[in-house]
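Here is the structure we will look at, set down as structure tokens.
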Amino acid sequence: PTFIANYTLALYRDYLVTKDSTLLQAFQKQVQWFLEHRVCRKYHGFEFWVWEFDFDHPLFKAKAPWVSALSQGRVLCVFLAAYDLLKDPEYIRAAEYIFRSFVVPTSAGGVATFEEDAAWYEEVADEEAPSSKILNGHVAALQGLWTFWKWTGRIDAKRYLDLGIAAVRKDISLYDAGFLSYYSQYPTDPREYAPVRD
């Protein structure tokens, strides 16, 4: 889901620049894929949508199917882009169902680990897995929440965005590995460094 969302957002960007109708058609095809592959879950009587990963993630002890706040944030942006281009209210409703996954704790199938006055949005979220607090995935999820808040102006969206920012402020020193940074807060032995890209 993450890679498909990134591709879809690249199509959106390129269509805005070129107005090439083939890009718009490809964009719409990806949006349809997301609609067809959503998984509906429920928490305290309200429905939310996720996109599942169908493989285990042994490093973080996640068993398939697990979900990702990083992906949820990217797909949230996809549906806001779809509404921007096509003005179909179905896409704003879809964004609402995705936003709700940030309100639901991982223990209930959502993507949030709530702590006192803070929330971590888990890149690898599974009901049985420990909280890993992967920094880059959390920050990418915050970008999706920020976009949703900017589009809607909703107070609840701002609240969950602020909880996520508070988590970074509270824990950022835990990622300091000297010249490098740690990737997550779990596993603790050994700690994993954030990967270096060429």
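Note on naming: chains are A, B, ... as they come in the structure tokens, residues start from 1 per chain, ligands start from 1 in the order shown.
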Please return as a list in words: the residues of segment 94-195 of chain A that backbone DSSP assigns to strand (DSSP E or B). Pro105, Ala112, Thr113, Phe114, Glu115, Ala118, Ala119, Trp120, Tyr121, Ala125, Asp176, Ala177, Leu180, Ser181, Tyr182 and Tyr193 of chain A
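Across the model, the gap from atom CA of Phe53 of chain A to atom CA of Asn136 of chain A is 18.3 Å.
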Would you kindly return, as number ranges by chain, each protein, DNA or RNA residue with an atom no farther than 7 Å from any atom of Val39 of chain A, considering only C-alpha atoms and excluding same-chain residues fewer than 5 positions away? A: 49-51
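Of the residues under consideration (A:Ala82, A:Val168, A:Ser181, A:Pro187), A:Ala82 shows the shortest atom-to-atom contact distance to Gln30 of chain A when counting only C-alpha atoms.
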Give me, as CSV, each residue of segment 13-119 of chain A that comes within 12 Å of segment 169-177 of chain A, together with its shortest interatomic pair and the distance in Å at one decimal, counting only C-alpha atoms, with rows ordered by chain and rising residue number.
residue,atom,partner,partner_atom,distance
A:Glu115,CA,A:Lys170,CA,10.6
A:Glu116,CA,A:Lys170,CA,10.5
A:Asp117,CA,A:Lys170,CA,9.8
A:Ala118,CA,A:Lys170,CA,8.2
A:Ala119,CA,A:Lys170,CA,10.3
Enumerate as a compact mmCIF listing (two decimals) with C-alpha atoms, in the first residue's frame all residues of segment 31-186 of chain A assigned to alpha helix (DSSP H) by DSSP on the backbone, naming them with the chain letters and numbers the document uses.
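Saved result, out16.txt, follows:
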# COMPACT_ATOMS: atom_id res chain seq x y z
CA VAL A 31 -7.61 5.25 -6.32
CA GLN A 32 -10.01 2.51 -7.36
CA TRP A 33 -7.49 -0.09 -6.24
CA PHE A 34 -7.48 1.45 -2.77
CA LEU A 35 -11.27 1.38 -2.61
CA GLU A 36 -11.34 -2.27 -3.68
CA HIS A 37 -8.63 -3.38 -1.24
CA ALA A 69 0.50 4.37 10.10
CA LEU A 70 2.97 5.42 7.42
CA SER A 71 0.75 3.82 4.78
CA GLN A 72 -2.42 5.14 6.36
CA GLY A 73 -1.04 8.68 6.20
CA ARG A 74 -0.03 8.31 2.56
CA VAL A 75 -3.41 6.83 1.57
CA LEU A 76 -5.14 9.64 3.46
CA CYS A 77 -3.32 12.08 1.17
CA VAL A 78 -4.31 10.01 -1.89
CA PHE A 79 -8.02 10.46 -1.16
CA LEU A 80 -7.61 14.18 -0.48
CA ALA A 81 -5.84 14.46 -3.84
CA ALA A 82 -8.66 12.47 -5.46
CA TYR A 83 -11.21 14.90 -4.05
CA ASP A 84 -9.11 17.84 -5.24
CA LEU A 85 -9.13 16.54 -8.82
CA LEU A 86 -12.55 14.93 -9.08
CA PRO A 89 -17.63 13.54 -1.90
CA GLU A 90 -17.00 9.79 -1.74
CA TYR A 91 -13.30 10.62 -1.47
CA ILE A 92 -13.74 12.94 1.51
CA ARG A 93 -15.77 10.21 3.22
CA ALA A 94 -12.94 7.77 2.50
CA ALA A 95 -10.44 10.19 4.07
CA GLU A 96 -12.62 10.29 7.20
CA TYR A 97 -12.57 6.48 7.51
CA ILE A 98 -8.78 6.51 7.16
CA PHE A 99 -8.36 9.30 9.71
CA LEU A 135 10.63 7.50 13.98
CA ASN A 136 10.47 8.05 10.21
CA GLY A 137 7.18 6.15 9.88
CA HIS A 138 5.66 8.23 12.65
CA VAL A 139 6.80 11.49 11.07
CA ALA A 140 5.42 10.41 7.67
CA ALA A 141 2.10 9.58 9.34
CA LEU A 142 2.09 13.06 10.89
CA GLN A 143 2.41 14.55 7.40
CA GLY A 144 -0.81 12.76 6.45
CA LEU A 145 -2.57 14.02 9.58
CA TRP A 146 -1.30 17.55 8.94
CA THR A 147 -2.64 17.44 5.38
CA PHE A 148 -6.02 16.18 6.59
CA TRP A 149 -6.18 18.95 9.20
CA LYS A 150 -5.19 21.66 6.67
CA TRP A 151 -7.87 20.44 4.24
CA THR A 152 -10.65 20.10 6.79
CA ILE A 155 -10.34 20.32 15.70
CA ASP A 156 -10.13 16.55 16.27
CA ALA A 157 -7.58 16.20 13.46
CA LYS A 158 -5.47 18.95 15.04
CA ARG A 159 -5.71 17.20 18.41
CA TYR A 160 -4.30 13.93 17.08
CA LEU A 161 -1.66 15.78 15.08
CA ASP A 162 -0.59 17.62 18.25
CA LEU A 163 -0.46 14.36 20.21
CA GLY A 164 1.90 12.95 17.58
CA ILE A 165 4.12 16.04 17.65
CA ALA A 166 4.22 15.81 21.45
CA ALA A 167 5.50 12.23 21.17
CA VAL A 168 8.46 13.38 19.04
CA ARG A 169 9.26 16.23 21.41
CA LYS A 170 9.12 13.90 24.40
CA ASP A 171 11.22 11.06 22.97
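Residue nearest Val111 of chain A within the list A:Ser21, A:Ser132, A:Thr188, A:Thr8: A:Ser132 [criterion: smallest interatomic distance, only C-alpha atoms].
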